[in-house]
>>> print(open('run17.cif').read())   # mmCIF, C-alpha atoms and all ligand atoms
data_final
#
loop_
_atom_site.label_atom_id
_atom_site.label_comp_id
_atom_site.auth_asym_id
_atom_site.auth_seq_id
_atom_site.Cartn_x
_atom_site.Cartn_y
_atom_site.Cartn_z
CA MET T 1 17.87 -14.06 -16.98
CA ARG T 2 17.76 -12.78 -13.39
CA PRO T 3 15.09 -10.15 -12.60
CA VAL T 4 16.38 -6.54 -12.55
CA ARG T 5 15.60 -5.90 -8.88
CA LEU T 6 17.28 -9.18 -7.88
CA ARG T 7 20.48 -8.15 -9.68
CA GLU T 8 20.38 -4.80 -7.92
CA PHE T 9 19.86 -6.50 -4.53
CA MET T 10 22.77 -8.90 -5.19
CA GLU T 11 25.08 -6.00 -5.95
CA LYS T 12 24.18 -4.35 -2.66
CA LEU T 13 24.67 -7.44 -0.50
CA PRO T 14 28.13 -7.38 1.14
CA ALA T 15 30.59 -10.15 0.25
CA GLY T 16 30.13 -13.27 2.35
CA SER T 17 26.45 -12.68 3.01
CA VAL T 18 23.47 -14.85 2.20
CA ALA T 19 19.88 -13.61 2.09
CA VAL T 20 16.93 -15.91 2.75
CA ILE T 21 13.63 -14.47 1.47
CA PRO T 22 10.49 -16.56 2.03
CA GLY T 23 7.44 -16.16 -0.17
CA GLY T 24 3.84 -16.18 1.04
CA ARG T 25 1.85 -19.26 2.05
CA GLU T 26 -1.76 -20.22 1.61
CA VAL T 27 -3.89 -18.86 4.47
CA ARG T 28 -7.03 -20.65 5.62
CA ARG T 29 -10.20 -18.57 5.43
CA ASN T 30 -12.68 -21.02 6.89
CA GLY T 31 -13.50 -24.72 6.64
CA ASP T 32 -11.27 -26.08 3.90
CA THR T 33 -11.17 -22.84 1.89
CA ASP T 34 -8.16 -20.55 1.64
CA PHE T 35 -8.01 -16.79 1.11
CA GLU T 36 -7.03 -15.84 -2.39
CA PHE T 37 -3.24 -16.12 -2.50
CA ARG T 38 -1.22 -12.91 -2.44
CA GLN T 39 2.54 -13.19 -2.80
CA ASP T 40 4.86 -11.58 -0.24
CA SER T 41 5.91 -8.23 -1.73
CA ASP T 42 9.67 -8.56 -1.10
CA PHE T 43 9.70 -12.04 -2.60
CA TYR T 44 7.66 -10.94 -5.60
CA LEU T 45 9.87 -7.91 -6.23
CA LEU T 46 13.00 -10.07 -6.33
CA THR T 47 11.71 -13.17 -8.11
CA GLY T 48 8.56 -12.30 -10.07
CA LEU T 49 7.30 -15.73 -9.00
CA ASN T 50 3.67 -15.74 -7.88
CA GLU T 51 3.25 -19.14 -6.19
CA PRO T 52 2.88 -20.13 -2.54
CA ASP T 53 5.50 -22.08 -0.54
CA CYS T 54 8.63 -20.77 -2.22
CA VAL T 55 11.88 -19.54 -0.67
CA ALA T 56 14.65 -17.61 -2.41
CA VAL T 57 18.25 -17.94 -1.29
CA VAL T 58 20.54 -15.22 -2.58
CA ALA T 59 24.24 -15.95 -2.10
CA PRO T 60 26.39 -13.63 -4.23
CA SER T 61 29.64 -15.18 -2.96
CA HIS T 62 28.66 -18.77 -3.71
CA PRO T 63 30.91 -20.27 -6.42
CA VAL T 64 28.02 -21.52 -8.60
CA HIS T 65 24.61 -21.10 -6.94
CA GLN T 66 24.25 -17.37 -6.39
CA TYR T 67 20.47 -17.48 -6.77
CA VAL T 68 18.54 -20.53 -5.65
CA LEU T 69 14.78 -21.07 -5.60
CA PHE T 70 12.97 -23.63 -3.47
CA VAL T 71 9.52 -24.25 -4.96
CA ARG T 72 6.62 -26.67 -4.93
CA PRO T 73 7.47 -29.44 -7.39
CA ARG T 74 5.19 -30.24 -10.32
CA LYS T 75 2.76 -33.02 -9.49
CA ARG T 76 0.21 -34.03 -12.07
CA GLU T 77 -2.37 -35.16 -9.51
CA GLU T 78 -2.24 -31.81 -7.65
CA GLU T 79 -1.98 -29.66 -10.78
CA ILE T 80 -5.33 -31.05 -11.97
CA TRP T 81 -6.93 -29.34 -8.97
CA THR T 82 -4.90 -26.18 -8.48
CA GLY T 83 -3.32 -25.41 -11.83
CA LEU T 84 0.08 -25.70 -13.46
CA ARG T 85 3.14 -24.96 -11.36
CA THR T 86 6.49 -23.50 -12.25
CA GLY T 87 8.28 -26.42 -10.64
CA VAL T 88 12.04 -26.80 -10.23
CA GLU T 89 12.62 -26.92 -14.00
CA GLY T 90 10.59 -23.75 -14.61
CA ALA T 91 12.32 -21.89 -11.75
CA VAL T 92 15.63 -22.29 -13.59
CA ARG T 93 14.28 -22.01 -17.13
CA ASP T 94 11.83 -19.09 -16.69
CA PHE T 95 12.87 -17.28 -13.51
CA GLY T 96 16.64 -17.18 -13.84
CA ALA T 97 17.61 -19.32 -10.84
CA ASP T 98 21.04 -20.97 -10.96
CA ALA T 99 19.51 -23.98 -9.24
CA ALA T 100 16.09 -24.93 -7.92
CA PHE T 101 14.89 -27.59 -5.52
CA ASP T 102 11.73 -29.06 -4.06
CA ILE T 103 10.72 -26.93 -1.06
CA ALA T 104 10.65 -30.17 0.98
CA LEU T 105 14.47 -30.25 0.70
CA LEU T 106 14.97 -26.81 2.25
CA ASP T 107 15.91 -28.06 5.74
CA GLN T 108 18.41 -30.45 4.28
CA LEU T 109 20.03 -28.02 1.81
CA LEU T 110 19.91 -24.63 3.55
CA PRO T 111 22.88 -25.42 5.86
CA HIS T 112 24.98 -25.88 2.73
CA TYR T 113 24.32 -22.28 1.66
CA LEU T 114 24.60 -20.80 5.15
CA GLY T 115 27.61 -22.85 6.25
CA ASP T 116 30.28 -20.45 5.05
CA ALA T 117 28.31 -17.21 5.28
CA GLU T 118 29.52 -14.31 7.45
CA THR T 119 26.14 -12.64 7.58
CA LEU T 120 22.59 -13.91 7.24
CA TYR T 121 20.08 -11.43 5.83
CA TYR T 122 16.66 -12.45 7.14
CA ARG T 123 13.67 -10.51 8.41
CA PHE T 124 12.33 -12.07 11.60
CA GLY T 125 8.77 -11.52 12.74
CA LEU T 126 7.10 -11.62 9.36
CA HIS T 127 6.58 -15.34 8.70
CA ASP T 128 6.20 -17.11 12.07
CA HIS T 129 6.32 -20.61 10.60
CA PHE T 130 9.50 -19.90 8.67
CA ASP T 131 11.13 -18.10 11.62
CA GLN T 132 10.98 -21.42 13.53
CA GLN T 133 12.34 -23.37 10.60
CA LEU T 134 15.29 -21.01 10.23
CA ILE T 135 16.05 -21.08 13.96
CA GLY T 136 16.24 -24.88 13.60
CA THR T 137 18.69 -24.51 10.71
CA MET T 138 20.87 -22.15 12.74
CA ARG T 139 20.87 -24.60 15.67
CA ARG T 140 21.98 -27.45 13.43
CA LEU T 141 24.74 -25.28 11.97
CA ARG T 142 26.08 -24.59 15.47
CA GLU T 143 26.06 -28.29 16.24
CA MET T 144 28.29 -28.83 13.20
CA VAL T 145 31.00 -26.50 14.51
CA ARG T 146 33.48 -29.28 15.30
CA SER T 147 33.37 -30.46 11.71
CA GLY T 148 34.68 -27.05 10.68
CA VAL T 149 31.36 -25.43 9.77
CA TYR T 150 31.58 -21.70 10.14
CA GLY T 151 27.99 -20.38 10.23
CA PRO T 152 26.84 -16.76 10.08
CA GLY T 153 27.86 -14.68 13.10
CA THR T 154 25.62 -11.75 12.20
CA ILE T 155 21.95 -11.53 11.31
CA VAL T 156 20.80 -8.41 9.47
CA ASP T 157 17.29 -7.35 8.45
CA PRO T 158 17.33 -7.26 4.61
CA SER T 159 14.90 -4.36 4.72
CA VAL T 160 17.89 -2.04 5.23
CA ILE T 161 18.67 -2.79 1.58
CA LEU T 162 15.39 -4.06 0.10
CA HIS T 163 13.02 -1.49 1.52
CA GLU T 164 15.30 1.36 0.55
CA MET T 165 15.10 -0.08 -2.97
CA ARG T 166 11.32 -0.33 -2.78
CA LEU T 167 11.04 3.26 -1.54
CA ARG T 168 12.45 4.51 -4.86
CA LYS T 169 10.36 3.21 -7.72
CA SER T 170 11.92 2.40 -11.09
CA GLU T 171 10.41 3.76 -14.32
CA THR T 172 8.88 0.31 -14.98
CA GLU T 173 7.33 0.28 -11.51
CA ILE T 174 6.01 3.83 -11.89
CA GLU T 175 4.35 2.76 -15.13
CA LEU T 176 2.54 -0.04 -13.25
CA MET T 177 1.54 2.45 -10.55
CA ARG T 178 0.14 4.83 -13.19
CA ARG T 179 -2.07 1.98 -14.37
CA ALA T 180 -3.10 1.02 -10.83
CA ALA T 181 -3.98 4.68 -10.20
CA SER T 182 -5.92 5.18 -13.41
CA ILE T 183 -7.95 2.00 -12.82
CA SER T 184 -8.62 3.16 -9.26
CA ALA T 185 -9.74 6.52 -10.66
CA ALA T 186 -12.16 4.84 -13.06
CA GLY T 187 -13.76 3.01 -10.12
CA HIS T 188 -14.33 6.27 -8.24
CA VAL T 189 -15.78 8.03 -11.30
CA ALA T 190 -18.19 5.11 -11.85
CA ALA T 191 -19.35 5.31 -8.23
CA MET T 192 -19.95 9.08 -8.42
CA GLU T 193 -21.92 8.64 -11.62
CA ALA T 194 -24.06 5.84 -10.20
CA CYS T 195 -24.77 7.25 -6.75
CA ARG T 196 -28.40 8.05 -5.86
CA PRO T 197 -29.96 8.59 -2.43
CA GLY T 198 -31.65 5.37 -1.33
CA MET T 199 -28.88 3.09 -2.62
CA PHE T 200 -26.89 1.03 -0.15
CA GLU T 201 -23.20 1.53 0.51
CA TYR T 202 -22.47 -1.98 -0.76
CA GLU T 203 -23.94 -1.12 -4.14
CA LEU T 204 -21.30 1.55 -4.63
CA GLU T 205 -18.66 -0.86 -3.31
CA ALA T 206 -19.77 -3.34 -5.98
CA ILE T 207 -19.58 -0.70 -8.73
CA VAL T 208 -16.09 0.37 -7.65
CA GLU T 209 -14.75 -3.17 -7.48
CA TYR T 210 -16.55 -4.27 -10.65
CA THR T 211 -14.82 -1.41 -12.45
CA PHE T 212 -11.42 -2.36 -11.02
CA ARG T 213 -11.71 -5.92 -12.22
CA ARG T 214 -13.25 -4.98 -15.56
CA CYS T 215 -10.26 -2.72 -16.19
CA GLY T 216 -7.85 -5.58 -15.54
CA ALA T 217 -6.94 -5.04 -11.90
CA THR T 218 -6.04 -8.17 -9.92
CA CYS T 219 -8.22 -7.20 -6.96
CA PRO T 220 -8.79 -4.29 -4.58
CA ALA T 221 -5.48 -3.36 -2.92
CA TYR T 222 -7.23 -3.21 0.49
CA PRO T 223 -10.82 -3.49 1.76
CA SER T 224 -12.88 -0.74 0.13
CA ILE T 225 -14.37 1.87 2.45
CA VAL T 226 -17.77 3.23 1.43
CA GLY T 227 -19.29 5.31 4.21
CA ALA T 228 -22.33 7.59 3.99
CA GLY T 229 -23.45 10.16 6.54
CA PHE T 230 -22.15 9.28 10.02
CA ASN T 231 -20.09 6.45 8.51
CA SER T 232 -18.05 8.97 6.51
CA THR T 233 -16.55 10.07 9.83
CA ILE T 234 -15.24 6.58 10.73
CA LEU T 235 -11.70 6.29 9.40
CA HIS T 236 -11.60 2.56 8.61
CA TYR T 237 -15.31 1.80 8.21
CA ASN T 238 -15.64 -1.05 5.74
CA THR T 239 -18.77 -3.03 6.51
CA ASN T 240 -20.46 -0.89 3.83
CA GLN T 241 -23.95 -2.11 4.66
CA GLU T 242 -26.06 0.97 5.36
CA LYS T 243 -28.50 2.94 3.27
CA ILE T 244 -27.34 6.21 1.71
CA ASP T 245 -29.73 9.04 2.55
CA ASP T 246 -30.52 12.24 0.70
CA GLY T 247 -28.24 14.93 2.11
CA ASP T 248 -25.48 12.49 3.12
CA LEU T 249 -21.90 12.84 2.11
CA VAL T 250 -20.39 9.63 0.74
CA LEU T 251 -16.72 8.91 1.45
CA ILE T 252 -15.08 6.22 -0.68
CA ASP T 253 -11.52 5.08 0.02
CA ALA T 254 -10.68 2.36 -2.48
CA GLY T 255 -7.78 1.40 -4.71
CA ALA T 256 -6.99 -1.26 -7.28
CA GLU T 257 -3.99 -3.58 -7.32
CA TYR T 258 -2.33 -3.93 -10.70
CA GLY T 259 0.90 -5.76 -11.51
CA GLY T 260 1.60 -6.09 -7.78
CA PHE T 261 1.22 -2.35 -7.11
CA ALA T 262 -1.52 -0.52 -5.23
CA GLY T 263 -3.63 2.49 -6.04
CA ASP T 264 -5.11 4.34 -3.05
CA ILE T 265 -7.73 7.03 -3.65
CA THR T 266 -10.29 8.72 -1.44
CA ARG T 267 -13.03 10.95 -2.71
CA THR T 268 -16.01 12.44 -0.89
CA PHE T 269 -19.16 13.61 -2.65
CA PRO T 270 -22.79 14.46 -1.87
CA ALA T 271 -25.19 11.54 -2.34
CA ASN T 272 -27.70 13.75 -4.17
CA GLY T 273 -25.13 15.50 -6.34
CA ARG T 274 -25.27 18.90 -4.55
CA PHE T 275 -23.10 19.96 -1.59
CA THR T 276 -24.87 21.87 1.21
CA SER T 277 -23.10 25.11 2.10
CA ALA T 278 -21.67 23.58 5.30
CA GLN T 279 -20.49 20.52 3.40
CA GLN T 280 -18.95 22.69 0.72
CA ALA T 281 -17.15 24.89 3.26
CA VAL T 282 -15.52 21.92 4.98
CA TYR T 283 -14.84 20.22 1.64
CA GLU T 284 -13.01 23.23 0.29
CA ALA T 285 -10.88 23.47 3.42
CA VAL T 286 -9.72 19.87 2.92
CA LEU T 287 -9.24 20.44 -0.80
CA GLU T 288 -7.11 23.51 -0.09
CA ALA T 289 -4.88 21.40 2.19
CA ASN T 290 -4.64 18.64 -0.43
CA GLU T 291 -3.67 21.08 -3.18
CA GLN T 292 -1.36 23.13 -0.99
CA VAL T 293 0.61 20.00 -0.03
CA ILE T 294 0.78 18.79 -3.64
CA ARG T 295 2.17 22.17 -4.71
CA MET T 296 5.02 21.77 -2.18
CA ILE T 297 6.20 18.36 -3.34
CA ARG T 298 9.63 18.30 -4.95
CA PRO T 299 13.04 16.75 -4.25
CA GLY T 300 14.68 18.20 -1.16
CA VAL T 301 11.47 18.79 0.79
CA SER T 302 11.05 16.96 4.10
CA PHE T 303 8.20 14.41 4.25
CA MET T 304 7.25 15.83 7.64
CA ALA T 305 6.98 19.36 6.22
CA LEU T 306 4.04 18.16 4.11
CA HIS T 307 2.09 17.06 7.17
CA GLU T 308 2.92 20.31 8.96
CA GLU T 309 1.60 22.26 5.99
CA ALA T 310 -1.66 20.29 6.01
CA VAL T 311 -2.00 20.91 9.75
CA ARG T 312 -1.47 24.66 9.23
CA THR T 313 -4.00 24.88 6.40
CA LEU T 314 -6.64 22.82 8.20
CA SER T 315 -6.13 24.60 11.53
CA SER T 316 -6.73 28.03 10.07
CA ALA T 317 -9.76 26.72 8.17
CA LEU T 318 -11.19 25.24 11.39
CA VAL T 319 -10.81 28.63 13.08
CA ASP T 320 -12.39 30.42 10.11
CA LEU T 321 -15.32 28.01 10.12
CA GLY T 322 -15.86 28.70 13.81
CA LEU T 323 -15.17 25.05 14.69
CA LEU T 324 -12.11 25.88 16.81
CA ALA T 325 -11.73 28.73 19.26
CA GLY T 326 -8.58 30.85 19.50
CA SER T 327 -5.99 31.41 16.79
CA PRO T 328 -4.65 28.86 14.27
CA ALA T 329 -1.28 29.05 16.07
CA GLU T 330 -2.96 28.03 19.33
CA ALA T 331 -4.83 25.20 17.57
CA ILE T 332 -1.48 23.84 16.37
CA GLU T 333 0.34 24.48 19.65
CA ARG T 334 -2.32 22.76 21.77
CA GLU T 335 -3.12 20.20 19.03
CA THR T 336 -6.84 20.96 19.26
CA TYR T 337 -7.07 20.42 15.47
CA ARG T 338 -6.69 16.71 16.27
CA LYS T 339 -10.35 16.65 17.31
CA PHE T 340 -11.14 16.87 13.56
CA PHE T 341 -7.92 15.73 11.85
CA MET T 342 -6.47 12.77 13.72
CA HIS T 343 -4.34 10.97 11.13
CA ARG T 344 -1.20 11.64 9.11
CA THR T 345 -1.32 13.41 5.77
CA GLY T 346 0.13 10.51 3.80
CA HIS T 347 2.10 7.28 3.60
CA TRP T 348 4.46 5.56 1.18
CA LEU T 349 2.61 3.68 -1.55
CA GLY T 350 3.85 0.77 -3.64
CA MET T 351 3.50 -3.01 -3.59
CA ASP T 352 1.90 -2.67 -0.16
CA VAL T 353 -0.73 0.02 0.26
CA HIS T 354 1.07 1.26 3.36
CA ASP T 355 4.37 0.66 1.70
CA VAL T 356 7.72 -0.09 3.28
CA GLY T 357 10.51 2.42 3.80
CA ARG T 358 11.49 4.37 6.85
CA TYR T 359 9.88 7.76 7.43
CA ARG T 360 12.85 8.92 9.48
CA THR T 361 16.54 8.42 8.98
CA ARG T 362 18.79 8.51 12.03
CA GLU T 363 19.23 12.24 11.48
CA ASP T 364 15.80 13.54 10.59
CA TRP T 365 12.56 13.05 8.70
CA ARG T 366 13.00 11.67 5.19
CA ILE T 367 13.88 14.11 2.44
CA LEU T 368 11.97 13.54 -0.81
CA GLU T 369 13.79 12.15 -3.84
CA PRO T 370 12.63 11.44 -7.39
CA GLY T 371 10.83 8.09 -7.68
CA MET T 372 9.30 8.14 -4.21
CA VAL T 373 5.54 7.52 -4.32
CA PHE T 374 3.14 8.42 -1.55
CA THR T 375 -0.39 9.54 -0.80
CA VAL T 376 -1.62 13.02 0.07
CA GLU T 377 -4.78 12.62 2.14
CA PRO T 378 -5.82 15.38 4.49
CA GLY T 379 -9.26 15.04 6.04
CA LEU T 380 -11.74 16.49 8.52
CA TYR T 381 -14.26 14.40 10.45
CA ILE T 382 -17.24 15.75 12.38
CA PRO T 383 -19.57 13.04 13.72
CA ALA T 384 -23.06 14.06 14.90
CA GLY T 385 -23.03 15.25 18.48
CA THR T 386 -19.49 16.67 18.37
CA GLU T 387 -19.24 19.14 21.23
CA SER T 388 -19.53 22.88 20.48
CA VAL T 389 -20.18 22.33 16.78
CA PRO T 390 -23.35 23.63 15.02
CA ALA T 391 -25.66 20.85 13.78
CA GLU T 392 -25.24 21.85 10.11
CA PHE T 393 -21.70 20.40 10.34
CA PHE T 394 -22.81 17.05 11.78
CA ASN T 395 -21.83 13.87 9.92
CA ILE T 396 -19.46 15.63 7.60
CA GLY T 397 -16.51 13.29 7.09
CA ILE T 398 -14.23 14.37 4.27
CA ARG T 399 -10.95 12.95 3.02
CA ILE T 400 -9.39 13.76 -0.35
CA GLU T 401 -6.56 11.40 -1.23
CA ASP T 402 -4.28 11.43 -4.25
CA ASP T 403 -1.23 9.37 -5.19
CA VAL T 404 1.88 11.25 -6.27
CA VAL T 405 5.32 10.36 -7.56
CA VAL T 406 8.18 12.76 -6.92
CA THR T 407 9.80 13.92 -10.20
CA GLU T 408 13.02 15.86 -10.88
CA ASP T 409 11.34 19.23 -10.33
CA GLY T 410 8.00 18.58 -8.64
CA CYS T 411 5.55 15.73 -8.71
CA GLU T 412 3.19 13.85 -10.97
CA VAL T 413 -0.32 13.27 -9.62
CA LEU T 414 -1.14 9.71 -10.64
CA THR T 415 -4.80 10.01 -9.63
CA LYS T 416 -5.70 13.17 -11.56
CA ASP T 417 -8.48 11.39 -13.50
CA VAL T 418 -11.00 11.65 -10.65
CA PRO T 419 -12.56 15.10 -10.26
CA LYS T 420 -12.02 16.74 -6.89
CA ASP T 421 -13.24 20.33 -6.97
CA VAL T 422 -16.86 21.01 -6.01
CA ARG T 423 -18.03 22.13 -9.43
CA SER T 424 -16.42 19.20 -11.32
CA ILE T 425 -17.95 16.68 -8.94
CA GLU T 426 -21.40 18.28 -9.16
CA ASN T 427 -21.15 18.47 -12.95
CA LEU T 428 -20.10 14.85 -13.26
CA MET T 429 -22.99 13.72 -11.06
CA LYS T 430 -25.49 15.97 -12.83
CA GLY T 431 -24.37 14.76 -16.27
CA ALA T 432 -24.76 11.18 -15.14
CA ALA T 433 -28.24 11.86 -13.74
CA GLY T 434 -29.29 13.38 -17.07
CA ALA T 435 -28.14 10.29 -18.88
CA VAL T 436 -30.22 7.87 -16.82
MN MN R 501 -4.20 5.93 2.06
#
>>> encode(input="run17.cif", output="structure tokens", more="lines below")
Ligand SMILES: [Mn+2]
Amino acid sequence: MRPVRLREFMEKLPAGSVAVIPGGREVRRNGDTDFEFRQDSDFYLLTGLNEPDCVAVVAPSHPVHQYVLFVRPRKREEEIWTGLRTGVEGAVRDFGADAAFDIALLDQLLPHYLGDAETLYYRFGLHDHFDQQLIGTMRRLREMVRSGVYGPGTIVDPSVILHEMRLRKSETEIELMRRAASISAAGHVAAMEACRPGMFEYELEAIVEYTFRRCGATCPAYPSIVGAGFNSTILHYNTNQEKIDDGDLVLIDAGAEYGGFAGDITRTFPANGRFTSAQQAVYEAVLEANEQVIRMIRPGVSFMALHEEAVRTLSSALVDLGLLAGSPAEAIERETYRKFFMHRTGHWLGMDVHDVGRYRTREDWRILEPGMVFTVEPGLYIPAGTESVPAEFFNIGIRIEDDVVVTEDGCEVLTKDVPKDVRSIENLMKGAAGAV
């Protein structure tokens, strides 16, 4: 039985086209050790096959082989070391391929599938090794022209079909994302409960990732960020090696991967369980932006309008806090808010943490539709020494990030299980302290 998303992709491919979708390869970490394998997201979506060195050929107009998998063959002597493989038999039996072959035969057999194709769907620039291999195949096809071989005259990026599909999650996919989000939430709650001044950032990282794995996640969806004090103001800090001091804010941006889908949550909390008044003031400004944006989300709203709303909310807060001179309108006009809020308010979320899908169509910014999943993550960052800022605001880095799915009449917040208002965070941390 062919996977659901593959069938959908096949229906959308124009007659006479063939799509070639390579899977991921093993990547060397150091010495003779590889990174843990992670399948290419497009390939995994279409095939459900989680092994390296595979290629899918999708040819809806082919008389018999409309879906072909090239895979690593089963070899007893290699399987002893690296585990059982699907093999060519399993690719047909368990993964719905019409035919399957040893990946070593790809060069020899690919011209057969591309020979009569009008259009080749292939995404260049993603898999360098395979780009070269495919260019070789195209060259050989051209050399066969006098024997009547036709060869594709057009090459199209399959993302025009595939990534539009990935942008709108199915109910099954949303269910996996709910699980990824709730596991991610559990990791954040565990870190808040465990945090004490004097701990090191890596201890919280370990608690977060331990919780992910204990709850059944495959792995973190991206390197976890645990930054205390000054480090909370560094957007992609992830060395996580410093000591957490009394009075620091701790910013954790971490998400679990489950079933091939990513969670992506950021929370910020006081190391000692109590916000200072400056920390609380900035925190509540960011929270207001987060909640204001979430309230706006429904079908028909422009993705860009969400960012503009966050900019408006944060700009007026910065003026109110005395951190920006002039009016909120001037802060927006002259973009002075960017001194404290320098990133976008959110991104698509799915199999990749920064998921695929265009943010603009040819006409305008993307209009939200049910099934789209993205993050809402306004933030404010004030490193020590920031010009014309009172010292009480130094080293306040705050980001509050939730994952949402657009529904028929609003949105569902997938990450609602982690507290985010000041009192709930303080109560959670106080309760945990009492229990120790
Ligand atoms: Mn994010």
>>> atom_distance(input="run17.cif", atom1="CA of Gly198 (chain T)", atom2="CA of Gly227 (chain T)")
13.5 Å
>>> residues_near_ligand(input="run17.cif", ligand="ligand MN 501 (chain R)", cutoff="10 Å", atoms="only C-alpha atoms and all ligand atoms", output="list in words")
Tyr222, Asp253, Ala254, Gly255, Gly263, Asp264, Ile265, Thr266, Arg344, Thr345, Gly346, His347, Trp348, Leu349, Val353, His354, Phe374, Thr375, Val376, Glu377, Pro378, Arg399, Ile400, Glu401, Asp402 and Asp403 of chain T
>>> residues_around(input="run17.cif", residues="Val55 (chain T)", least_positions_apart="2", cutoff="10 Å", atoms="all atoms listed in the file", output="ChimeraX atom specification")
/T:20-24,43,47,52-53,57-58,68-72,100-101,103,106,130
>>> residues_near_point(input="run17.cif", point="(10.7, 14.4, -12.5)", cutoff="9 Å", atoms="all atoms listed in the file", output="PyMOL selection string")
chain T and resi 298-299+370-371+405-412
>>> atom_distance(input="run17.cif", atom1="CA of Ala59 (chain T)", atom2="CA of Ser17 (chain T)")
6.5 Å
>>> atom_distance(input="run17.cif", atom1="CA of Gly300 (chain T)", atom2="CA of Glu330 (chain T)")
28.8 Å
>>> residues_around(input="run17.cif", residues="Ser277 (chain T)", least_positions_apart="5", cutoff="10 Å", atoms="all atoms listed in the file", output="VMD selection string")
chain T and resid 282 to 283 392 to 393
